[in-house]
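Structure first, commentary second.
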Amino acid sequence: AEATWVQGADFPSHAPEMDVDVEYVTSGGWGINYDHIPDPEMCAAMCQGVAKCKAYTWVKDAGLDGCPSQCWLKDAVGEKVPKKGLVSGVPAPRRELPATAVVPKPVVPAAGSLYCFALMVPGGYEAGLLEWQHGQKAGIFGCDEAAVYSNAPVKVAPGVQAKVVNSTLKCGYGGDSQSALNSWIFIAV
């Protein structure tokens, strides 16, 4: 019998090892369901982004129109029960801010300020575009503060070097709109 999902087969996985063809069954507690979630990686990323999510179960075919799958976020792992067509797991360890972290007070007028960033793939057209924007003080460089991120320390413009993130910047595509399944990449930023 073919497995419901093979973790890392289409693109590198950033989630801890998943339990394929297993449901995490809980009774009571917090939970929320999302429709049209194309794969377990997206479900894992959604769980990662919700502090009270301690586990998730992805349903390959929940009988929905279009992309028929669902993602169930849960506040506990519960009992692990074999069930074909489901993939369950837990989120990766979340980064915590130190308890002593102090957010600096802005030195701008009461109107506020705007921080902008870009994530770029090295070796593509984006470096040239960002260099032009920097020279024109346009795009992210029109903001009060700006940063560029990449998976390599690329020089973007005079005085601007990309900050390195721990990611290959590769992802799959899916869902009803065939959009980039890049949540893990932005979580890394």
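Lettering and numbering for the structure tokens are positional, with chains as A, B, ... in the shown order, residues counted from 1 in each chain, and ligands counted from 1 in the shown order.
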Skip Gly8 in chain A itself and residues of its chain fewer than 4 positions away, then list as a PyMOL selection string all residues within 12 Å of it, counting only C-alpha atoms.
-> chain A and resi 12-18+39-41+170-172
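Inside chain A, the residues DSSP reads as alpha helix (DSSP H) when given the backbone are Pro40, Glu41, Met42, Cys43, Ala44, Ala45, Met46, Cys47, Gln48, Glu126, Ala127, Gly128, Leu129, Leu130, Glu131, Trp132, Gln133, His134, Gly135, Gln136, Ser183, Trp184, Ile185, Phe186, Ile187 and Ala188 of chain A.
The list of residues with at least one atom within 12 Å of Glu2 in chain A, based on only C-alpha atoms and without residues fewer than 5 positions apart in the same chain, reads Val20, Asp21, Lys84 and Gly85 of chain A.
For Pro82 in chain A, the residues within 12 Å (counting only C-alpha atoms, excluding itself and residues fewer than 2 positions away along the chain) are Asp19, Val20, Asp21, Val22, Glu23, Tyr24, Val25, Thr57, Glu79, Lys80, Lys84, Gly85, Leu86, Val87 and Ser88 of chain A.
Between CA of Leu64 in chain A and CA of Gly89 in chain A the separation is 22.3 Å.
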Kindly indicate which residue among A:Cys43, A:Val6, A:Ala55, A:Val81 lies nearest to Gly31 in chain A, using only C-alpha atoms for the distances.
-> A:Ala55
Give me, as a Markdown table, the closest atom pair and its distance (Å, one decimal) for every residue of range 66-100 of chain A within a cut-off of 12 Å of range 185-188 of chain A, counting only C-alpha atoms, rows sorted by chain and rising number.
```
| residue | atom | partner | partner_atom | distance |
| --- | --- | --- | --- | --- |
| A:Ala92 | CA | A:Ile187 | CA | 10.9 |
| A:Pro93 | CA | A:Ile187 | CA | 11.9 |
| A:Arg94 | CA | A:Ile187 | CA | 10.0 |
| A:Arg95 | CA | A:Ala188 | CA | 10.1 |
```
Could you pull out the residues in chain A that DSSP calls strand (DSSP E) from the backbone, as a count of residues only?
-> 55
Length of the CA of Pro91 in chain A to CA of Trp30 in chain A vector [Å] | 15.7 Å
Find the residues near range 127-135 of chain A: any atom within 7 Å, counting only C-alpha atoms, skip ones fewer than 6 places away on the same chain, and give them as a list in words.
-> Phe141, Val156 and Ala157 of chain A
Same residues, C-alpha atoms, saved as a tab-separated table (two decimals), in the first residue's frame:
```
chain	number	residue	atom	x	y	z
A	141	PHE	CA	14.18	51.41	0.94
A	156	VAL	CA	22.80	44.07	-2.60
A	157	ALA	CA	23.88	47.71	-2.80
```
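Across the structure, CA of Val121 in chain A and CA of Val50 in chain A are spaced 27.2 Å apart.
Using only C-alpha atoms for every distance, the candidate list A:Ala9, A:Val165, A:Leu114, A:Val90 yields A:Val90 as the residue closest to Lys74 in chain A.
The residue set within 9 Å of Met46 in chain A, counting only C-alpha atoms and dropping same-chain residues fewer than 5 places from it, reads Glu41, Cys53, Tyr56, Cys71, Leu73, Pro91 and Ser183 of chain A.
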